[in-house]
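Below is the file input-v1.csv, which contains CSV, C-alpha atoms.
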chain,number,residue,atom,x,y,z
A,1,MET,CA,0.8,-22.5,12.1
A,2,LYS,CA,-3.0,-22.3,11.5
A,3,SER,CA,-4.7,-19.1,10.6
A,4,THR,CA,-6.9,-17.3,13.1
A,5,ALA,CA,-9.7,-14.9,12.3
A,6,LEU,CA,-9.2,-11.2,12.2
A,7,ARG,CA,-9.8,-9.5,15.5
A,8,PRO,CA,-13.2,-7.8,15.5
A,9,ASP,CA,-11.6,-4.3,15.8
A,10,ILE,CA,-9.2,-4.9,12.9
A,11,HIS,CA,-12.1,-6.3,10.8
A,12,SER,CA,-14.1,-3.2,11.5
A,13,LEU,CA,-11.3,-0.8,10.7
A,14,LEU,CA,-10.4,-2.7,7.5
A,15,HIS,CA,-14.0,-2.5,6.3
A,16,ALA,CA,-14.6,1.1,7.4
A,17,GLY,CA,-11.6,2.0,5.2
A,18,THR,CA,-8.3,3.6,6.2
A,19,VAL,CA,-4.9,4.8,5.1
A,20,ILE,CA,-2.3,2.0,4.9
A,21,PRO,CA,1.1,3.3,3.7
A,22,ALA,CA,3.5,0.8,2.0
A,23,HIS,CA,6.5,1.0,4.3
A,24,PRO,CA,9.9,2.0,2.6
A,25,LEU,CA,13.3,0.7,3.6
A,26,ALA,CA,15.7,3.1,5.3
A,27,LEU,CA,19.3,2.6,4.2
A,28,ASN,CA,22.5,4.4,5.0
A,29,GLN,CA,25.1,5.4,2.4
A,30,HIS,CA,26.6,1.9,2.5
A,31,ARG,CA,23.2,0.5,1.4
A,32,GLN,CA,22.8,-1.2,4.8
A,33,LEU,CA,19.8,-1.0,7.0
A,34,ASP,CA,19.5,2.2,9.0
A,35,GLU,CA,17.6,0.7,11.9
A,36,ALA,CA,17.0,4.0,13.7
A,37,ARG,CA,15.3,5.6,10.7
A,38,GLN,CA,13.5,2.4,9.8
A,39,ARG,CA,11.9,2.5,13.2
A,40,ASN,CA,11.3,6.2,13.0
A,41,LEU,CA,9.3,5.7,9.7
A,42,THR,CA,7.0,3.4,11.5
A,43,ARG,CA,6.5,5.9,14.3
A,44,TYR,CA,5.8,8.6,11.7
A,45,TYR,CA,3.1,6.6,10.1
A,46,MET,CA,1.4,6.0,13.5
A,47,ALA,CA,1.8,9.7,14.4
A,48,SER,CA,0.3,10.7,11.0
A,49,GLY,CA,-3.0,8.9,11.9
A,50,ALA,CA,-2.6,6.1,9.4
A,51,GLY,CA,-4.7,3.1,10.1
A,52,GLY,CA,-2.0,0.6,9.4
A,53,ILE,CA,1.2,-0.2,7.6
A,54,ALA,CA,2.2,-2.7,4.9
A,55,VAL,CA,5.8,-4.1,5.4
A,56,GLY,CA,7.8,-6.3,3.1
A,57,VAL,CA,5.9,-5.1,0.0
A,58,HIS,CA,7.3,-3.7,-3.2
A,59,THR,CA,8.0,-0.3,-1.6
A,60,THR,CA,10.1,-2.1,1.0
A,61,GLN,CA,12.1,-3.6,-2.0
A,62,PHE,CA,11.7,-7.2,-2.9
A,63,ALA,CA,15.5,-7.6,-2.7
A,64,ILE,CA,15.2,-7.8,1.1
A,65,ARG,CA,14.4,-11.5,0.4
A,66,ASP,CA,17.8,-12.1,-1.3
A,67,PRO,CA,19.7,-14.5,1.0
A,68,ASN,CA,22.7,-12.2,0.7
A,69,ILE,CA,20.7,-9.3,2.1
A,70,ASN,CA,18.3,-11.2,4.3
A,71,LEU,CA,16.2,-8.3,5.7
A,72,TYR,CA,12.7,-9.6,5.3
A,73,ALA,CA,12.3,-11.0,8.8
A,74,THR,CA,14.1,-8.0,10.2
A,75,VAL,CA,11.8,-5.3,8.8
A,76,LEU,CA,8.8,-7.3,9.8
A,77,ARG,CA,10.1,-7.5,13.4
A,78,LEU,CA,11.2,-3.8,13.6
A,79,ALA,CA,7.8,-2.6,12.6
A,80,VAL,CA,5.9,-4.8,15.0
A,81,GLU,CA,8.2,-3.8,17.9
A,82,GLU,CA,7.5,-0.1,17.2
A,83,VAL,CA,3.7,-0.7,17.0
A,84,ASP,CA,3.7,-2.7,20.2
A,85,SER,CA,5.8,-0.1,22.1
A,86,ALA,CA,3.6,2.7,21.0
A,87,GLN,CA,0.6,1.2,22.9
A,88,LEU,CA,-1.8,3.0,20.6
A,89,ASP,CA,-5.3,3.6,22.0
A,90,ARG,CA,-6.8,2.7,18.6
A,91,SER,CA,-6.7,-0.2,16.2
A,92,PHE,CA,-3.8,-0.4,13.8
A,93,ILE,CA,-3.6,-2.9,10.9
A,94,LYS,CA,-0.4,-4.7,10.3
A,95,VAL,CA,0.0,-6.1,6.8
A,96,ALA,CA,3.0,-8.3,5.7
A,97,GLY,CA,3.9,-8.5,2.0
A,98,ILE,CA,4.0,-12.2,0.8
A,99,CYS,CA,5.3,-13.3,-2.6
A,100,GLY,CA,6.9,-16.0,-4.5
A,101,PRO,CA,5.9,-19.6,-5.4
A,102,THR,CA,3.8,-21.5,-2.9
A,103,HIS,CA,6.6,-22.8,-0.6
A,104,GLN,CA,8.1,-19.3,-0.3
A,105,ALA,CA,4.7,-17.7,0.2
A,106,LEU,CA,3.8,-20.2,3.0
A,107,HIS,CA,7.2,-19.6,4.7
A,108,GLU,CA,6.5,-15.8,4.6
A,109,ALA,CA,2.9,-16.3,5.8
A,110,ASN,CA,4.0,-18.3,8.8
A,111,LEU,CA,6.7,-15.8,9.6
A,112,ALA,CA,4.2,-12.9,9.4
A,113,LEU,CA,1.8,-14.8,11.7
A,114,GLN,CA,4.6,-15.5,14.1
A,115,TYR,CA,5.3,-11.8,14.4
A,116,GLY,CA,1.7,-10.9,14.9
A,117,TYR,CA,0.7,-9.5,11.5
A,118,ASP,CA,-3.0,-9.3,10.9
A,119,LEU,CA,-3.0,-10.0,7.1
A,120,GLY,CA,-0.7,-11.0,4.3
A,121,LEU,CA,-0.7,-8.9,1.1
A,122,LEU,CA,-0.4,-11.7,-1.4
A,123,SER,CA,1.4,-10.7,-4.6
A,124,MET,CA,0.5,-12.6,-7.7
A,125,GLY,CA,3.5,-11.1,-9.5
A,126,GLY,CA,6.3,-13.3,-10.8
A,127,LEU,CA,4.1,-16.2,-11.5
A,128,GLN,CA,4.0,-16.0,-15.3
A,129,GLY,CA,3.5,-19.4,-16.7
A,130,TRP,CA,1.3,-20.6,-13.9
A,131,THR,CA,-2.3,-21.5,-14.7
A,132,GLU,CA,-5.0,-19.6,-12.9
A,133,SER,CA,-6.0,-22.8,-11.2
A,134,ALA,CA,-2.5,-23.2,-9.8
A,135,ILE,CA,-2.4,-19.6,-8.6
A,136,LEU,CA,-5.8,-20.1,-6.8
A,137,ASP,CA,-4.4,-23.2,-5.1
A,138,ARG,CA,-1.6,-21.0,-3.9
A,139,VAL,CA,-4.0,-18.5,-2.5
A,140,ARG,CA,-6.0,-21.2,-0.7
A,141,ALA,CA,-2.8,-22.5,0.9
A,142,VAL,CA,-1.8,-19.1,2.2
A,143,ALA,CA,-5.3,-18.3,3.4
A,144,ASP,CA,-5.1,-21.5,5.5
A,145,VAL,CA,-2.2,-19.7,7.4
A,146,ILE,CA,-3.0,-16.0,7.5
A,147,PRO,CA,-6.0,-13.8,6.5
A,148,VAL,CA,-5.3,-12.8,2.9
A,149,PHE,CA,-5.2,-9.3,1.4
A,150,GLY,CA,-5.4,-10.0,-2.3
A,151,PHE,CA,-3.5,-7.9,-4.8
A,152,TYR,CA,-4.3,-7.3,-8.5
A,153,LEU,CA,-1.1,-5.9,-10.0
A,154,GLN,CA,-2.1,-5.1,-13.5
A,155,PRO,CA,0.2,-5.3,-16.6
A,156,SER,CA,0.8,-1.5,-16.8
A,157,VAL,CA,2.8,-1.9,-13.6
A,158,GLY,CA,4.4,-5.3,-14.2
A,159,GLY,CA,1.6,-7.7,-13.3
A,160,GLN,CA,-0.6,-10.0,-15.4
A,161,ILE,CA,-4.2,-10.1,-16.4
A,162,PHE,CA,-6.6,-12.5,-14.7
A,163,SER,CA,-10.0,-13.5,-16.0
A,164,TYR,CA,-13.4,-12.6,-14.4
A,165,GLU,CA,-13.7,-16.3,-13.6
A,166,PHE,CA,-10.5,-16.2,-11.6
A,167,TRP,CA,-11.8,-13.4,-9.5
A,168,GLN,CA,-15.1,-15.2,-9.0
A,169,GLN,CA,-13.2,-18.1,-7.5
A,170,PHE,CA,-10.8,-15.9,-5.6
A,171,ALA,CA,-13.6,-14.1,-3.8
A,172,GLU,CA,-15.1,-17.4,-2.6
A,173,ILE,CA,-11.9,-18.4,-0.8
A,174,ASP,CA,-12.4,-18.4,2.9
A,175,ASN,CA,-10.2,-16.0,4.7
A,176,VAL,CA,-9.7,-13.6,1.8
A,177,GLN,CA,-10.5,-10.5,3.7
A,178,ALA,CA,-9.6,-7.7,1.3
A,179,ILE,CA,-8.4,-7.1,-2.2
A,180,LYS,CA,-6.2,-4.2,-3.4
A,181,VAL,CA,-6.5,-3.2,-7.0
A,182,ALA,CA,-3.8,-1.1,-8.7
A,183,ALA,CA,-6.7,0.2,-10.8
A,184,PHE,CA,-4.9,1.6,-13.9
A,185,ASN,CA,-7.2,-0.3,-16.2
A,186,ARG,CA,-10.9,0.2,-15.5
A,187,TYR,CA,-12.0,-2.8,-17.6
A,188,GLN,CA,-9.8,-5.1,-15.4
A,189,THR,CA,-10.9,-3.3,-12.3
A,190,LEU,CA,-14.5,-4.0,-13.2
A,191,ASP,CA,-13.7,-7.7,-13.4
A,192,VAL,CA,-12.7,-7.6,-9.7
A,193,MET,CA,-15.6,-5.4,-8.5
A,194,ARG,CA,-18.2,-7.4,-10.4
A,195,ALA,CA,-16.8,-10.7,-9.2
A,196,VAL,CA,-16.8,-9.6,-5.6
A,197,CYS,CA,-20.4,-8.2,-5.9
A,198,HIS,CA,-21.6,-11.5,-7.3
A,199,SER,CA,-19.8,-13.5,-4.6
A,200,SER,CA,-21.5,-15.1,-1.6
A,201,ARG,CA,-18.7,-13.4,0.4
A,202,ARG,CA,-19.2,-9.9,-0.8
A,203,GLU,CA,-19.9,-8.5,2.6
A,204,GLU,CA,-16.7,-10.2,3.9
A,205,ILE,CA,-14.3,-8.6,1.5
A,206,ALA,CA,-13.0,-5.0,1.8
A,207,LEU,CA,-11.8,-3.3,-1.4
A,208,TYR,CA,-8.8,-1.0,-1.4
A,209,THR,CA,-7.3,1.1,-4.2
A,210,GLY,CA,-3.7,0.5,-5.0
A,211,ASN,CA,-1.3,3.0,-6.5
A,212,ASP,CA,-2.6,4.4,-9.7
A,213,ASP,CA,-3.4,7.6,-11.6
A,214,ASN,CA,-6.9,8.2,-10.2
A,215,ILE,CA,-6.7,7.8,-6.4
A,216,ILE,CA,-9.3,10.3,-5.3
A,217,ALA,CA,-11.8,9.3,-8.0
A,218,ASP,CA,-11.3,5.7,-7.0
A,219,LEU,CA,-12.4,6.5,-3.5
A,220,LEU,CA,-15.4,8.5,-4.6
A,221,THR,CA,-16.8,6.0,-7.0
A,222,THR,CA,-19.6,3.5,-6.3
A,223,TYR,CA,-19.7,0.3,-8.3
A,224,ARG,CA,-23.3,-0.9,-8.7
A,225,PHE,CA,-24.6,-4.2,-10.3
A,226,THR,CA,-28.0,-5.7,-10.5
A,227,ILE,CA,-27.9,-9.3,-9.1
A,228,ASN,CA,-31.0,-11.4,-8.9
A,229,GLY,CA,-33.1,-8.2,-9.4
A,230,GLN,CA,-31.4,-6.4,-6.5
A,231,ALA,CA,-28.8,-3.6,-6.7
A,232,VAL,CA,-25.5,-4.6,-5.1
A,233,GLU,CA,-22.9,-1.9,-4.4
A,234,LYS,CA,-19.2,-1.9,-3.5
A,235,LYS,CA,-16.6,0.9,-3.1
A,236,PHE,CA,-12.9,1.2,-2.6
A,237,VAL,CA,-13.1,2.0,1.2
A,238,GLY,CA,-9.5,3.0,1.6
A,239,GLY,CA,-6.0,2.7,0.1
A,240,LEU,CA,-2.9,0.6,0.5
A,241,LEU,CA,-0.5,2.8,-1.4
A,242,GLY,CA,3.2,3.5,-2.0
A,243,HIS,CA,2.0,7.0,-2.8
A,244,TRP,CA,0.7,7.3,0.8
A,245,ALA,CA,4.2,6.4,2.1
A,246,VAL,CA,4.9,10.2,1.7
A,247,TRP,CA,2.8,13.2,2.9
A,248,THR,CA,0.9,10.6,5.0
A,249,GLN,CA,-0.6,13.0,7.5
A,250,LYS,CA,-2.2,14.9,4.5
A,251,ALA,CA,-3.4,11.6,3.1
A,252,VAL,CA,-5.2,10.8,6.4
A,253,GLU,CA,-6.9,14.2,6.2
A,254,LEU,CA,-7.8,13.6,2.5
A,255,LEU,CA,-9.5,10.3,3.2
A,256,ALA,CA,-11.5,11.8,6.0
A,257,GLU,CA,-12.6,14.6,3.6
A,258,ILE,CA,-13.6,12.1,0.9
A,259,LYS,CA,-15.7,10.1,3.4
A,260,ALA,CA,-17.3,13.3,4.6
A,261,CYS,CA,-18.1,14.3,1.0
A,262,VAL,CA,-19.8,10.9,0.3
A,263,SER,CA,-21.8,11.0,3.5
A,264,GLN,CA,-23.0,14.5,2.9
A,265,GLY,CA,-24.5,14.0,-0.5
A,266,HIS,CA,-21.2,14.7,-2.3
A,267,ALA,CA,-20.9,18.2,-1.1
A,268,GLY,CA,-17.5,19.5,-2.3
A,269,LEU,CA,-17.2,16.9,-5.1
A,270,ASP,CA,-16.0,19.4,-7.7
A,271,GLN,CA,-13.1,20.5,-5.5
A,272,LEU,CA,-12.1,16.9,-4.8
A,273,LEU,CA,-12.1,16.0,-8.5
A,274,THR,CA,-9.9,18.9,-9.2
A,275,ARG,CA,-7.6,17.8,-6.4
A,276,ASN,CA,-7.5,14.4,-7.9
A,277,ILE,CA,-5.6,15.9,-10.8
A,278,ASP,CA,-3.1,17.5,-8.4
A,279,VAL,CA,-2.6,14.2,-6.7
A,280,THR,CA,-2.1,12.4,-10.0
A,281,ASP,CA,0.4,15.0,-11.1
A,282,SER,CA,2.3,14.5,-7.8
A,283,ASN,CA,2.0,10.7,-8.3
A,284,ALA,CA,3.6,11.0,-11.7
A,285,ALA,CA,6.6,12.8,-10.2
A,286,PHE,CA,7.1,10.3,-7.4
A,287,PHE,CA,6.4,7.1,-9.4
A,288,ASP,CA,8.0,8.0,-12.8
A,289,PRO,CA,5.5,6.5,-15.3
A,290,ALA,CA,7.4,8.5,-17.9
A,291,HIS,CA,10.2,5.9,-17.6
A,292,ALA,CA,8.0,2.8,-16.9
A,293,PHE,CA,8.1,3.4,-13.1
A,294,HIS,CA,11.9,2.9,-12.9
A,295,GLY,CA,12.3,5.6,-10.4
A,296,CYS,CA,9.2,4.9,-8.2
A,297,ILE,CA,11.1,3.8,-5.1
A,298,PRO,CA,13.9,6.5,-5.3
A,299,GLY,CA,11.1,9.0,-5.9
A,300,ILE,CA,9.5,8.1,-2.6
A,301,HIS,CA,12.9,8.1,-0.9
A,302,GLU,CA,13.7,11.6,-2.3
A,303,VAL,CA,10.6,13.1,-0.7
A,304,LEU,CA,11.3,11.4,2.7
A,305,ARG,CA,15.0,12.6,2.4
A,306,ARG,CA,13.9,16.2,1.9
A,307,GLN,CA,11.7,16.0,5.0
A,308,GLY,CA,14.5,14.5,7.1
A,309,LEU,CA,12.9,11.1,7.5
A,310,LEU,CA,15.6,9.4,5.5
A,311,GLU,CA,19.3,10.2,5.2
A,312,GLY,CA,19.4,9.6,1.5
A,313,ARG,CA,17.4,8.0,-1.4
A,314,TRP,CA,19.7,4.9,-1.7
A,315,CYS,CA,18.2,1.6,-2.7
A,316,LEU,CA,19.6,-1.9,-2.3
A,317,ASP,CA,20.2,-2.0,-6.1
A,318,PRO,CA,22.7,0.8,-6.9
A,319,ALA,CA,21.1,1.0,-10.4
A,320,GLU,CA,17.8,1.9,-8.9
A,321,GLU,CA,18.0,5.7,-9.0
A,322,LEU,CA,15.9,8.7,-10.1
A,323,SER,CA,15.3,8.8,-13.8
A,324,PRO,CA,16.5,11.8,-15.9
A,325,GLY,CA,14.3,14.8,-15.1
A,326,GLN,CA,12.6,13.2,-12.2
A,327,LEU,CA,14.3,15.4,-9.6
A,328,GLU,CA,13.1,18.5,-11.4
A,329,GLU,CA,9.6,17.0,-11.6
A,330,ILE,CA,9.6,16.5,-7.8
A,331,ASP,CA,10.8,20.1,-7.4
A,332,ARG,CA,7.9,21.2,-9.7
A,333,ILE,CA,5.1,19.5,-7.9
A,334,TYR,CA,6.5,20.7,-4.5
A,335,ALA,CA,6.1,24.2,-5.8
A,336,ALA,CA,2.8,23.7,-7.6
A,337,TYR,CA,0.9,21.9,-4.8
A,338,PRO,CA,2.3,23.0,-1.4
A,339,TYR,CA,-1.0,22.2,0.3
A,340,LEU,CA,-0.5,18.5,-0.4
A,341,ASN,CA,2.7,18.1,1.6
A,342,ASP,CA,3.0,17.5,5.3
A,343,ASP,CA,6.5,19.0,5.8
A,344,GLN,CA,5.5,21.1,8.8
A,345,PHE,CA,4.0,18.1,10.5
A,346,VAL,CA,7.1,16.0,9.9
A,347,THR,CA,9.4,18.8,11.2
A,348,GLU,CA,7.3,18.9,14.4
A,349,PHE,CA,7.3,15.1,14.6
A,350,LEU,CA,11.1,14.9,14.2
A,351,HIS,CA,11.6,17.3,17.1
A,352,THR,CA,10.1,14.6,19.4
A,353,GLN,CA,12.3,11.8,18.1
A,354,GLN,CA,15.9,10.7,18.7
A,355,VAL,CA,16.8,10.7,15.0
A,356,PRO,CA,18.1,14.1,13.9
A,357,ALA,CA,16.3,15.8,11.1
A,358,LEU,CA,18.5,16.5,8.1
A,359,GLY,CA,16.5,19.3,6.7
A,360,LEU,CA,15.2,20.2,3.3
A,361,SER,CA,17.7,20.6,0.4
As structure tokens, the full file:
Amino acid sequence: MKSTALRPDIHSLLHAGTVIPAHPLALNQHRQLDEARQRNLTRYYMASGAGGIAVGVHTTQFAIRDPNINLYATVLRLAVEEVDSAQLDRSFIKVAGICGPTHQALHEANLALQYGYDLGLLSMGGLQGWTESAILDRVRAVADVIPVFGFYLQPSVGGQIFSYEFWQQFAEIDNVQAIKVAAFNRYQTLDVMRAVCHSSRREEIALYTGNDDNIIADLLTTYRFTINGQAVEKKFVGGLLGHWAVWTQKAVELLAEIKACVSQGHAGLDQLLTRNIDVTDSNAAFFDPAHAFHGCIPGIHEVLRRQGLLEGRWCLDPAEELSPGQLEEIDRIYAAYPYLNDDQFVTEFLHTQQVPALGLS
């Protein structure tokens, strides 16, 4: 299948910046798909005011691609069915996670396009040993099928380092529409921002923050470079985040507040920078950097379980569980920052759904 351009309304929303949660996988106690709760999660993200969802990404668990599990196509389909049935009166961006060597990435890109996804979030993970030139050829091949949402997964979270020259060439690829940067390392983040600003396509690429330890500051910061005597600026306009898979309604409010702060001469900046630390503390509890992020997906699941959106925090891999002390850390941040959670919103949302709420515990 040949790629088509982004719809104008999707392009506008992507560039204006929005909240795109990374969609988890709902499982029952037998570690099998809980279809009702999987669908309900998609409805929750729409009800929260999120501007899109990313499905088949790390938060959805890469093991969905295992032939013995074979859930990749299923989760893509279920999410699209829910978005279509909602008949939203606003734009909603559908992003499909794409990974693997070129033949696998092309298969997933075609499947995503078949199901009506707008963009493919193209992981560069798992390609150690590939040259940068070979990885760029892979990006070009996928971009010929579906609009590409690039993803810089940096080494602190299991990715690899790419050169400034790599990002220069990446930004020039037609149909690269956005890049997500898991911006733990500011030096490596600068490589991407500077390369995009120098690109002939800089106005065509939206930049999104990925999961990291500085989310609010990412969204408040302007990157400025002098190019041919002229100042060129880019910002992270929104986030595609596993962190925003929980407390999503509050994340939507937060992004709106950040945008208002920027547009109003940075009024309220001090309060937002303080809140940045609260969000980082919460992120540490969910994502478990103390144990090299081992408990990141169970951490997300635990919050959704407490709210009644999931039945349990089971993962496809039985060994993927909360790390020692992580449960207590989640208890701590719940008590420390009650204003960050959207528990009341979720309770009201669940009252409108067919899936029973399980309650906090």
Using only C-alpha atoms, tabulate the residues of segment 44-129 of chain A lying at most 12 Å from any atom of segment 203-215 of chain A, each with its closest atom pair and that distance in Å to one decimal, by chain and increasing residue number, as CSV.
residue,atom,partner,partner_atom,distance
A:Ala54,CA,A:Gly210,CA,12.0
A:His58,CA,A:Asn211,CA,11.4
A:Thr59,CA,A:Asn211,CA,11.0
A:Leu121,CA,A:Tyr208,CA,11.6
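With all atoms listed in the file as the atoms that count, the minimum distance from Ala47 of chain A to the choices A:Trp167, A:Trp314, A:Tyr72, A:Phe92 is reached by A:Phe92.
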| field | Expected answer as JSON, numbers by chain: all residues with atoms within 10 Å of (-6.4, -10.9, 13.0), all atoms listed in the file | value | {"A": [3, 4, 5, 6, 7, 8, 9, 10, 11, 93, 94, 113, 116, 117, 118, 119, 146, 147]}
| field | Nearest to Ile333 of chain A by atom-to-atom distance, counting all atoms listed in the file, from A:Asn283, A:Gln38, A:Asn28, A:Thr352 | value |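 Among A:Asn283, A:Gln38, A:Asn28, A:Thr352, it is A:Asn283 that comes nearest to Ile333 of chain A.
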| Which residue gives the smallest distance to Ala319 of chain A among A:Arg31, A:Asp270, A:Leu219, A:Cys99, with only C-alpha atoms counted? |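 Looking at the shortest contact to Ala319 of chain A, the residue is A:Arg31.
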Saved segment 260-284 of chain A from the preceding structure, N, CA and C atoms, as a PDB file, in the first residue's frame:
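So decode-v6.pdb came out as:
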ATOM      1  N   ALA A 260      -1.101  28.050  27.865  1.00  0.00           N
ATOM      2  CA  ALA A 260      -1.564  29.363  28.313  1.00  0.00           C
ATOM      3  C   ALA A 260      -0.419  30.159  28.921  1.00  0.00           C
ATOM      4  N   CYS A 261       0.418  29.489  29.692  1.00  0.00           N
ATOM      5  CA  CYS A 261       1.574  30.145  30.300  1.00  0.00           C
ATOM      6  C   CYS A 261       2.482  30.738  29.229  1.00  0.00           C
ATOM      7  N   VAL A 262       2.775  29.967  28.206  1.00  0.00           N
ATOM      8  CA  VAL A 262       3.669  30.422  27.143  1.00  0.00           C
ATOM      9  C   VAL A 262       3.050  31.588  26.381  1.00  0.00           C
ATOM     10  N   SER A 263       1.763  31.482  26.090  1.00  0.00           N
ATOM     11  CA  SER A 263       1.109  32.534  25.290  1.00  0.00           C
ATOM     12  C   SER A 263       0.884  33.818  26.065  1.00  0.00           C
ATOM     13  N   GLN A 264       0.939  33.743  27.392  1.00  0.00           N
ATOM     14  CA  GLN A 264       0.673  34.912  28.238  1.00  0.00           C
ATOM     15  C   GLN A 264       1.953  35.434  28.899  1.00  0.00           C
ATOM     16  N   GLY A 265       3.056  35.374  28.154  1.00  0.00           N
ATOM     17  CA  GLY A 265       4.305  35.928  28.667  1.00  0.00           C
ATOM     18  C   GLY A 265       4.882  35.161  29.826  1.00  0.00           C
ATOM     19  N   HIS A 266       4.600  33.861  29.901  1.00  0.00           N
ATOM     20  CA  HIS A 266       5.112  32.957  30.933  1.00  0.00           C
ATOM     21  C   HIS A 266       4.586  33.310  32.327  1.00  0.00           C
ATOM     22  N   ALA A 267       3.365  33.810  32.372  1.00  0.00           N
ATOM     23  CA  ALA A 267       2.703  34.002  33.666  1.00  0.00           C
ATOM     24  C   ALA A 267       2.471  32.646  34.316  1.00  0.00           C
ATOM     25  N   GLY A 268       2.844  32.519  35.576  1.00  0.00           N
ATOM     26  CA  GLY A 268       2.679  31.259  36.290  1.00  0.00           C
ATOM     27  C   GLY A 268       3.812  30.284  36.073  1.00  0.00           C
ATOM     28  N   LEU A 269       4.928  30.750  35.505  1.00  0.00           N
ATOM     29  CA  LEU A 269       6.045  29.859  35.206  1.00  0.00           C
ATOM     30  C   LEU A 269       6.617  29.207  36.465  1.00  0.00           C
ATOM     31  N   ASP A 270       6.759  29.991  37.534  1.00  0.00           N
ATOM     32  CA  ASP A 270       7.344  29.441  38.763  1.00  0.00           C
ATOM     33  C   ASP A 270       6.555  28.246  39.276  1.00  0.00           C
ATOM     34  N   GLN A 271       5.215  28.384  39.272  1.00  0.00           N
ATOM     35  CA  GLN A 271       4.376  27.294  39.773  1.00  0.00           C
ATOM     36  C   GLN A 271       4.505  26.049  38.900  1.00  0.00           C
ATOM     37  N   LEU A 272       4.612  26.259  37.575  1.00  0.00           N
ATOM     38  CA  LEU A 272       4.748  25.116  36.682  1.00  0.00           C
ATOM     39  C   LEU A 272       6.089  24.420  36.859  1.00  0.00           C
ATOM     40  N   LEU A 273       7.135  25.183  37.087  1.00  0.00           N
ATOM     41  CA  LEU A 273       8.448  24.555  37.295  1.00  0.00           C
ATOM     42  C   LEU A 273       8.480  23.764  38.598  1.00  0.00           C
ATOM     43  N   THR A 274       7.784  24.245  39.602  1.00  0.00           N
ATOM     44  CA  THR A 274       7.670  23.474  40.841  1.00  0.00           C
ATOM     45  C   THR A 274       6.861  22.206  40.602  1.00  0.00           C
ATOM     46  N   ARG A 275       5.781  22.340  39.837  1.00  0.00           N
ATOM     47  CA  ARG A 275       4.968  21.165  39.523  1.00  0.00           C
ATOM     48  C   ARG A 275       5.768  20.154  38.700  1.00  0.00           C
ATOM     49  N   ASN A 276       6.709  20.650  37.899  1.00  0.00           N
ATOM     50  CA  ASN A 276       7.572  19.756  37.135  1.00  0.00           C
ATOM     51  C   ASN A 276       8.254  18.736  38.040  1.00  0.00           C
ATOM     52  N   ILE A 277       8.671  19.177  39.215  1.00  0.00           N
ATOM     53  CA  ILE A 277       9.330  18.264  40.150  1.00  0.00           C
ATOM     54  C   ILE A 277       8.332  17.257  40.711  1.00  0.00           C
ATOM     55  N   ASP A 278       7.106  17.694  40.971  1.00  0.00           N
ATOM     56  CA  ASP A 278       6.068  16.761  41.435  1.00  0.00           C
ATOM     57  C   ASP A 278       5.806  15.684  40.377  1.00  0.00           C
ATOM     58  N   VAL A 279       5.738  16.123  39.124  1.00  0.00           N
ATOM     59  CA  VAL A 279       5.495  15.170  38.029  1.00  0.00           C
ATOM     60  C   VAL A 279       6.671  14.212  37.894  1.00  0.00           C
ATOM     61  N   THR A 280       7.891  14.733  38.024  1.00  0.00           N
ATOM     62  CA  THR A 280       9.077  13.872  37.937  1.00  0.00           C
ATOM     63  C   THR A 280       9.092  12.842  39.062  1.00  0.00           C
ATOM     64  N   ASP A 281       8.720  13.266  40.269  1.00  0.00           N
ATOM     65  CA  ASP A 281       8.661  12.344  41.400  1.00  0.00           C
ATOM     66  C   ASP A 281       7.632  11.243  41.127  1.00  0.00           C
ATOM     67  N   SER A 282       6.489  11.630  40.584  1.00  0.00           N
ATOM     68  CA  SER A 282       5.461  10.645  40.234  1.00  0.00           C
ATOM     69  C   SER A 282       5.965   9.716  39.139  1.00  0.00           C
ATOM     70  N   ASN A 283       6.637  10.295  38.160  1.00  0.00           N
ATOM     71  CA  ASN A 283       7.174   9.499  37.065  1.00  0.00           C
ATOM     72  C   ASN A 283       8.153   8.447  37.577  1.00  0.00           C
ATOM     73  N   ALA A 284       8.958   8.830  38.568  1.00  0.00           N
ATOM     74  CA  ALA A 284       9.915   7.879  39.130  1.00  0.00           C
ATOM     75  C   ALA A 284       9.210   6.699  39.799  1.00  0.00           C
TER      76      ALA A 284
END
